[in-house]
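What follows is the content of work01.cif (mmCIF, N, CA and C atoms).
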data_data
loop_
_atom_site.label_atom_id
_atom_site.label_comp_id
_atom_site.auth_asym_id
_atom_site.auth_seq_id
_atom_site.Cartn_x
_atom_site.Cartn_y
_atom_site.Cartn_z
N MET A 15 0.82 -1.18 0.00
CA MET A 15 0.00 0.00 0.00
C MET A 15 0.87 1.26 0.00
N LEU A 16 1.93 1.27 0.81
CA LEU A 16 2.76 2.47 0.90
C LEU A 16 3.48 2.78 -0.40
N ALA A 17 3.66 1.79 -1.25
CA ALA A 17 4.29 2.03 -2.55
C ALA A 17 3.34 2.77 -3.49
N ASP A 18 2.05 2.74 -3.19
CA ASP A 18 1.04 3.33 -4.06
C ASP A 18 0.60 4.72 -3.64
N ILE A 19 1.07 5.22 -2.49
CA ILE A 19 0.65 6.55 -2.06
C ILE A 19 1.85 7.48 -1.98
N ASP A 20 1.58 8.77 -2.16
CA ASP A 20 2.67 9.74 -2.10
C ASP A 20 2.74 10.35 -0.70
N SER A 21 3.71 11.22 -0.50
CA SER A 21 3.92 11.80 0.82
C SER A 21 2.74 12.66 1.27
N ALA A 22 2.07 13.33 0.32
CA ALA A 22 0.91 14.16 0.68
C ALA A 22 -0.22 13.29 1.23
N GLU A 23 -0.49 12.17 0.58
CA GLU A 23 -1.55 11.29 1.07
C GLU A 23 -1.17 10.67 2.41
N LEU A 24 0.09 10.31 2.58
CA LEU A 24 0.55 9.78 3.86
C LEU A 24 0.34 10.82 4.97
N ALA A 25 0.66 12.07 4.67
CA ALA A 25 0.46 13.14 5.66
C ALA A 25 -1.02 13.31 5.98
N GLU A 26 -1.88 13.17 4.98
CA GLU A 26 -3.33 13.27 5.21
C GLU A 26 -3.82 12.15 6.12
N TRP A 27 -3.33 10.93 5.89
CA TRP A 27 -3.72 9.80 6.74
C TRP A 27 -3.24 10.01 8.17
N MET A 28 -2.04 10.55 8.32
CA MET A 28 -1.52 10.82 9.66
C MET A 28 -2.37 11.87 10.37
N ALA A 29 -2.78 12.91 9.64
CA ALA A 29 -3.64 13.94 10.22
C ALA A 29 -5.01 13.37 10.58
N TYR A 30 -5.55 12.51 9.71
CA TYR A 30 -6.84 11.86 9.99
C TYR A 30 -6.77 11.03 11.26
N GLU A 31 -5.70 10.27 11.41
CA GLU A 31 -5.53 9.45 12.60
C GLU A 31 -5.39 10.32 13.85
N HIS A 32 -4.73 11.46 13.71
CA HIS A 32 -4.56 12.37 14.84
C HIS A 32 -5.92 12.89 15.32
N VAL A 33 -6.86 13.12 14.39
CA VAL A 33 -8.18 13.65 14.73
C VAL A 33 -9.11 12.54 15.23
N THR A 34 -9.12 11.38 14.55
CA THR A 34 -10.11 10.34 14.85
C THR A 34 -9.63 9.28 15.83
N GLY A 35 -8.36 9.29 16.15
CA GLY A 35 -7.81 8.25 17.01
C GLY A 35 -7.06 7.23 16.20
N PRO A 36 -6.41 6.30 16.86
CA PRO A 36 -5.55 5.36 16.16
C PRO A 36 -6.32 4.43 15.22
N LEU A 37 -5.67 4.06 14.14
CA LEU A 37 -6.22 3.11 13.19
C LEU A 37 -5.51 1.77 13.37
N GLY A 38 -6.12 0.72 12.93
CA GLY A 38 -5.49 -0.59 12.96
C GLY A 38 -5.40 -1.18 14.36
N PRO A 39 -4.36 -1.99 14.61
CA PRO A 39 -4.24 -2.70 15.89
C PRO A 39 -4.17 -1.77 17.10
N GLU A 40 -3.63 -0.56 16.92
CA GLU A 40 -3.55 0.38 18.03
C GLU A 40 -4.93 0.70 18.59
N ARG A 41 -5.91 0.80 17.70
CA ARG A 41 -7.28 1.10 18.13
C ARG A 41 -7.81 -0.03 19.01
N GLY A 42 -7.48 -1.26 18.68
CA GLY A 42 -7.89 -2.39 19.51
C GLY A 42 -7.28 -2.32 20.90
N ASP A 43 -6.02 -1.87 20.97
CA ASP A 43 -5.38 -1.70 22.28
C ASP A 43 -6.14 -0.69 23.13
N VAL A 44 -6.56 0.41 22.50
CA VAL A 44 -7.30 1.45 23.23
C VAL A 44 -8.64 0.90 23.71
N LEU A 45 -9.36 0.22 22.83
CA LEU A 45 -10.67 -0.32 23.20
C LEU A 45 -10.54 -1.36 24.32
N HIS A 46 -9.53 -2.21 24.26
CA HIS A 46 -9.32 -3.19 25.32
C HIS A 46 -8.89 -2.51 26.62
N GLY A 47 -8.13 -1.42 26.51
CA GLY A 47 -7.76 -0.66 27.70
C GLY A 47 -8.97 -0.08 28.40
N ILE A 48 -9.92 0.44 27.61
CA ILE A 48 -11.16 0.98 28.18
C ILE A 48 -11.93 -0.13 28.88
N LEU A 49 -12.05 -1.27 28.24
CA LEU A 49 -12.78 -2.40 28.83
C LEU A 49 -12.09 -2.88 30.11
N ALA A 50 -10.78 -3.03 30.08
CA ALA A 50 -10.05 -3.50 31.26
C ALA A 50 -10.19 -2.51 32.41
N ALA A 51 -10.14 -1.21 32.12
CA ALA A 51 -10.30 -0.21 33.17
C ALA A 51 -11.70 -0.25 33.76
N THR A 52 -12.69 -0.47 32.93
CA THR A 52 -14.07 -0.57 33.41
C THR A 52 -14.23 -1.75 34.35
N VAL A 53 -13.69 -2.90 33.96
CA VAL A 53 -13.77 -4.10 34.81
C VAL A 53 -13.01 -3.88 36.12
N ALA A 54 -11.82 -3.31 36.02
CA ALA A 54 -11.01 -3.06 37.22
C ALA A 54 -11.73 -2.10 38.17
N ASN A 55 -12.31 -1.04 37.63
CA ASN A 55 -12.99 -0.06 38.47
C ASN A 55 -14.27 -0.62 39.10
N ALA A 56 -14.94 -1.52 38.39
CA ALA A 56 -16.16 -2.14 38.93
C ALA A 56 -15.84 -3.08 40.09
N ASN A 57 -14.63 -3.62 40.10
CA ASN A 57 -14.25 -4.59 41.13
C ASN A 57 -13.27 -4.02 42.14
N ARG A 58 -13.14 -2.74 42.20
CA ARG A 58 -12.18 -2.07 43.08
C ARG A 58 -12.94 -1.31 44.15
N GLY A 59 -12.33 -1.23 45.28
CA GLY A 59 -12.92 -0.43 46.36
C GLY A 59 -12.68 1.05 46.10
N LYS A 60 -12.97 1.84 47.12
CA LYS A 60 -12.74 3.27 46.98
C LYS A 60 -11.24 3.55 46.88
N GLY A 61 -10.93 4.63 46.22
CA GLY A 61 -9.52 5.00 46.04
C GLY A 61 -9.27 5.39 44.60
N LYS A 62 -8.03 5.26 44.22
CA LYS A 62 -7.64 5.67 42.87
C LYS A 62 -8.29 4.78 41.82
N LYS A 63 -8.89 5.41 40.85
CA LYS A 63 -9.54 4.68 39.76
C LYS A 63 -8.51 4.30 38.69
N ALA A 64 -8.73 3.17 38.07
CA ALA A 64 -7.86 2.74 36.97
C ALA A 64 -8.18 3.58 35.74
N ASP A 65 -7.17 3.85 34.96
CA ASP A 65 -7.30 4.61 33.72
C ASP A 65 -7.03 3.65 32.56
N PRO A 66 -7.72 3.80 31.44
CA PRO A 66 -7.44 2.91 30.30
C PRO A 66 -5.96 2.88 29.92
N LYS A 67 -5.25 4.00 30.09
CA LYS A 67 -3.82 4.03 29.77
C LYS A 67 -3.02 3.05 30.61
N ASP A 68 -3.53 2.70 31.80
CA ASP A 68 -2.85 1.74 32.66
C ASP A 68 -2.77 0.36 32.02
N PHE A 69 -3.64 0.09 31.05
CA PHE A 69 -3.74 -1.24 30.46
C PHE A 69 -3.30 -1.29 29.00
N ILE A 70 -2.80 -0.17 28.48
CA ILE A 70 -2.39 -0.11 27.08
C ILE A 70 -0.86 -0.21 27.01
N PRO A 71 -0.35 -1.22 26.32
CA PRO A 71 1.10 -1.35 26.21
C PRO A 71 1.69 -0.25 25.34
N THR A 72 2.91 0.13 25.61
CA THR A 72 3.63 1.10 24.79
C THR A 72 4.58 0.31 23.91
N TRP A 73 4.24 0.21 22.63
CA TRP A 73 5.00 -0.64 21.73
C TRP A 73 6.27 0.02 21.24
N ASP A 74 6.22 1.30 20.92
CA ASP A 74 7.39 1.99 20.39
C ASP A 74 7.59 3.27 21.19
N GLN A 75 8.54 3.26 22.08
CA GLN A 75 8.74 4.37 23.01
C GLN A 75 9.02 5.70 22.32
N GLY A 76 9.69 5.70 21.18
CA GLY A 76 10.08 6.95 20.56
C GLY A 76 9.17 7.39 19.43
N ALA A 77 8.20 6.60 19.06
CA ALA A 77 7.42 6.90 17.86
C ALA A 77 6.48 8.08 18.03
N ARG A 78 5.87 8.23 19.18
CA ARG A 78 4.86 9.27 19.34
C ARG A 78 5.24 10.23 20.44
N LYS A 79 5.73 11.36 20.04
CA LYS A 79 5.99 12.43 20.99
C LYS A 79 4.96 13.51 20.73
N GLN A 80 4.18 13.83 21.73
CA GLN A 80 3.13 14.82 21.56
C GLN A 80 3.75 16.21 21.42
N GLY A 81 3.04 17.05 20.72
CA GLY A 81 3.49 18.41 20.55
C GLY A 81 4.38 18.56 19.32
N GLY A 82 5.06 19.65 19.25
CA GLY A 82 5.93 19.91 18.12
C GLY A 82 5.22 20.79 17.11
N ASP A 83 6.00 21.50 16.36
CA ASP A 83 5.40 22.38 15.38
C ASP A 83 5.27 21.64 14.04
N TRP A 84 4.70 22.32 13.06
CA TRP A 84 4.44 21.67 11.78
C TRP A 84 5.73 21.34 11.04
N GLN A 85 6.79 22.11 11.28
CA GLN A 85 8.06 21.80 10.60
C GLN A 85 8.62 20.46 11.09
N GLN A 86 8.49 20.21 12.39
CA GLN A 86 8.96 18.93 12.93
C GLN A 86 8.13 17.78 12.37
N MET A 87 6.82 17.99 12.31
CA MET A 87 5.96 16.94 11.77
C MET A 87 6.26 16.68 10.30
N LEU A 88 6.47 17.76 9.53
CA LEU A 88 6.82 17.60 8.12
C LEU A 88 8.13 16.84 7.96
N ALA A 89 9.11 17.17 8.78
CA ALA A 89 10.40 16.47 8.72
C ALA A 89 10.22 14.98 9.03
N GLN A 90 9.37 14.65 9.98
CA GLN A 90 9.12 13.25 10.31
C GLN A 90 8.46 12.52 9.14
N VAL A 91 7.48 13.17 8.50
CA VAL A 91 6.81 12.56 7.36
C VAL A 91 7.78 12.38 6.20
N GLN A 92 8.63 13.38 5.95
CA GLN A 92 9.61 13.26 4.87
C GLN A 92 10.59 12.13 5.14
N ALA A 93 11.04 12.01 6.39
CA ALA A 93 11.97 10.93 6.74
C ALA A 93 11.30 9.57 6.57
N MET A 94 10.05 9.45 7.01
CA MET A 94 9.33 8.19 6.87
C MET A 94 9.13 7.87 5.40
N ASN A 95 8.80 8.87 4.61
CA ASN A 95 8.60 8.68 3.18
C ASN A 95 9.88 8.18 2.51
N ARG A 96 11.04 8.77 2.88
CA ARG A 96 12.32 8.32 2.32
C ARG A 96 12.61 6.88 2.72
N ARG A 97 12.39 6.55 4.02
CA ARG A 97 12.68 5.19 4.49
C ARG A 97 11.82 4.16 3.77
N LEU A 98 10.60 4.53 3.43
CA LEU A 98 9.69 3.59 2.79
C LEU A 98 9.80 3.61 1.27
N GLY A 99 10.74 4.43 0.76
CA GLY A 99 10.96 4.47 -0.68
C GLY A 99 9.92 5.27 -1.44
N GLY A 100 9.25 6.19 -0.77
CA GLY A 100 8.22 7.00 -1.40
C GLY A 100 8.79 8.11 -2.26
N THR A 101 7.92 8.80 -2.95
CA THR A 101 8.30 9.90 -3.82
C THR A 101 7.70 11.18 -3.28
N ASP A 102 8.51 12.21 -3.22
CA ASP A 102 8.03 13.53 -2.81
C ASP A 102 7.64 14.28 -4.08
N LEU A 103 6.35 14.39 -4.33
CA LEU A 103 5.89 15.01 -5.57
C LEU A 103 6.19 16.49 -5.63
N ARG A 104 6.46 17.10 -4.50
CA ARG A 104 6.83 18.52 -4.50
C ARG A 104 8.17 18.70 -5.21
N GLU A 105 9.09 17.76 -5.03
CA GLU A 105 10.40 17.87 -5.68
C GLU A 105 10.27 17.75 -7.20
N ARG A 106 9.36 16.91 -7.66
CA ARG A 106 9.15 16.71 -9.08
C ARG A 106 8.57 17.96 -9.73
N SER A 107 7.71 18.67 -9.02
CA SER A 107 7.07 19.85 -9.61
C SER A 107 8.03 21.03 -9.76
N HIS A 108 9.14 21.04 -9.00
CA HIS A 108 10.12 22.12 -9.10
C HIS A 108 11.16 21.85 -10.18
N ALA A 109 11.22 20.64 -10.68
CA ALA A 109 12.27 20.27 -11.64
C ALA A 109 11.89 20.65 -13.05
#
Turn the structure described in the file into structure tokens.
Amino acid sequence: MLADIDSAELAEWMAYEHVTGPLGPERGDVLHGILAATVANANRGKGKKADPKDFIPTWDQGARKQGGDWQQMLAQVQAMNRRLGGTDLRERSHA
């Protein structure tokens, strides 16, 4: 699939995921975290409540850093595009 999309479309999918929540297996982790927290809280006495984040594994420690400006995000998308062998159509339009 990644061979068939350009960097602009990849950036759009990343923005979509940022707005709607994770896609793919990550979404399942979130949903199971919510369920596990609900079960834990239903069976727990008074005190600190469990949070869904308590039950969601962190698969890639460096992949998601919150914040950053658009230049940092663009640089990340460009780097990912290069690693995956994608084409930056902006470069082609300037040639």
Selection: 8 Å around Ala22 of chain A, only N, CA and C atoms, excl. self and same-chain fewer than 3 positions, as a list in words: Ile19, Ala25, Glu26, Trp27, Met28, Thr101, Asp102, Leu103 and Arg104 of chain A
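The two atoms in question, atom C of Glu31 of chain A and atom N of Asp83 of chain A, are spaced 16.2 Å apart.
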Looking only at helix (DSSP H, G or I) from DSSP on the backbone, list the matching residues of chain A as an MDAnalysis selection string. chainID A and resid 16:18 21:34 39:56 66:69 84:97 103:108
Once the PyMOL selection byres (((chain A and resi 95-98 and name CA) around 10) and name CA) is applied to the coordinates I shared, what remains selected? I want it as a VMD selection string. chain A and resid 16 to 17 19 to 22 24 to 25 89 to 94 99 to 102
One decimal, Å: what's the distance from atom CA of Thr34 of chain A over to atom CA of Ala56 of chain A, could you say?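 Atom CA of Ala56 of chain A lies at a distance of 27.8 Å from atom CA of Thr34 of chain A.
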Please enumerate the residues selected by the PyMOL selection byres ((chain A and resi 47) around 6.5) when evaluated against the supplied file, formatted as a PyMOL selection string. chain A and resi 42-46+48-52+65-67+69-70
Selected residues written out, N, CA and C atoms, as a PDB file, in the frame of the given file:
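Full text of result-v4.pdb as output:
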ATOM      1  N   GLY A  42      -7.480  -1.260  18.680  1.00  0.00           N
ATOM      2  CA  GLY A  42      -7.890  -2.390  19.510  1.00  0.00           C
ATOM      3  C   GLY A  42      -7.280  -2.320  20.900  1.00  0.00           C
ATOM      4  N   ASP A  43      -6.020  -1.870  20.970  1.00  0.00           N
ATOM      5  CA  ASP A  43      -5.380  -1.700  22.280  1.00  0.00           C
ATOM      6  C   ASP A  43      -6.140  -0.690  23.130  1.00  0.00           C
ATOM      7  N   VAL A  44      -6.560   0.410  22.500  1.00  0.00           N
ATOM      8  CA  VAL A  44      -7.300   1.450  23.230  1.00  0.00           C
ATOM      9  C   VAL A  44      -8.640   0.900  23.710  1.00  0.00           C
ATOM     10  N   LEU A  45      -9.360   0.220  22.830  1.00  0.00           N
ATOM     11  CA  LEU A  45     -10.670  -0.320  23.200  1.00  0.00           C
ATOM     12  C   LEU A  45     -10.540  -1.360  24.320  1.00  0.00           C
ATOM     13  N   HIS A  46      -9.530  -2.210  24.260  1.00  0.00           N
ATOM     14  CA  HIS A  46      -9.320  -3.190  25.320  1.00  0.00           C
ATOM     15  C   HIS A  46      -8.890  -2.510  26.620  1.00  0.00           C
ATOM     16  N   ILE A  48      -9.920   0.440  27.610  1.00  0.00           N
ATOM     17  CA  ILE A  48     -11.160   0.980  28.180  1.00  0.00           C
ATOM     18  C   ILE A  48     -11.930  -0.130  28.880  1.00  0.00           C
ATOM     19  N   LEU A  49     -12.050  -1.270  28.240  1.00  0.00           N
ATOM     20  CA  LEU A  49     -12.780  -2.400  28.830  1.00  0.00           C
ATOM     21  C   LEU A  49     -12.090  -2.880  30.110  1.00  0.00           C
ATOM     22  N   ALA A  50     -10.780  -3.030  30.080  1.00  0.00           N
ATOM     23  CA  ALA A  50     -10.050  -3.500  31.260  1.00  0.00           C
ATOM     24  C   ALA A  50     -10.190  -2.510  32.410  1.00  0.00           C
ATOM     25  N   ALA A  51     -10.140  -1.210  32.120  1.00  0.00           N
ATOM     26  CA  ALA A  51     -10.300  -0.210  33.170  1.00  0.00           C
ATOM     27  C   ALA A  51     -11.700  -0.250  33.760  1.00  0.00           C
ATOM     28  N   THR A  52     -12.690  -0.470  32.930  1.00  0.00           N
ATOM     29  CA  THR A  52     -14.070  -0.570  33.410  1.00  0.00           C
ATOM     30  C   THR A  52     -14.230  -1.750  34.350  1.00  0.00           C
ATOM     31  N   ASP A  65      -7.170   3.850  34.960  1.00  0.00           N
ATOM     32  CA  ASP A  65      -7.300   4.610  33.720  1.00  0.00           C
ATOM     33  C   ASP A  65      -7.030   3.650  32.560  1.00  0.00           C
ATOM     34  N   PRO A  66      -7.720   3.800  31.440  1.00  0.00           N
ATOM     35  CA  PRO A  66      -7.440   2.910  30.300  1.00  0.00           C
ATOM     36  C   PRO A  66      -5.960   2.880  29.920  1.00  0.00           C
ATOM     37  N   LYS A  67      -5.250   4.000  30.090  1.00  0.00           N
ATOM     38  CA  LYS A  67      -3.820   4.030  29.770  1.00  0.00           C
ATOM     39  C   LYS A  67      -3.020   3.050  30.610  1.00  0.00           C
ATOM     40  N   PHE A  69      -3.640   0.090  31.050  1.00  0.00           N
ATOM     41  CA  PHE A  69      -3.740  -1.240  30.460  1.00  0.00           C
ATOM     42  C   PHE A  69      -3.300  -1.290  29.000  1.00  0.00           C
ATOM     43  N   ILE A  70      -2.800  -0.170  28.480  1.00  0.00           N
ATOM     44  CA  ILE A  70      -2.390  -0.110  27.080  1.00  0.00           C
ATOM     45  C   ILE A  70      -0.860  -0.210  27.010  1.00  0.00           C
TER      46      ILE A  70
END
Record the distance separating atom CA of Thr72 of chain A and atom C of Leu88 of chain A, expressed in Å with one decimal. 23.5 Å
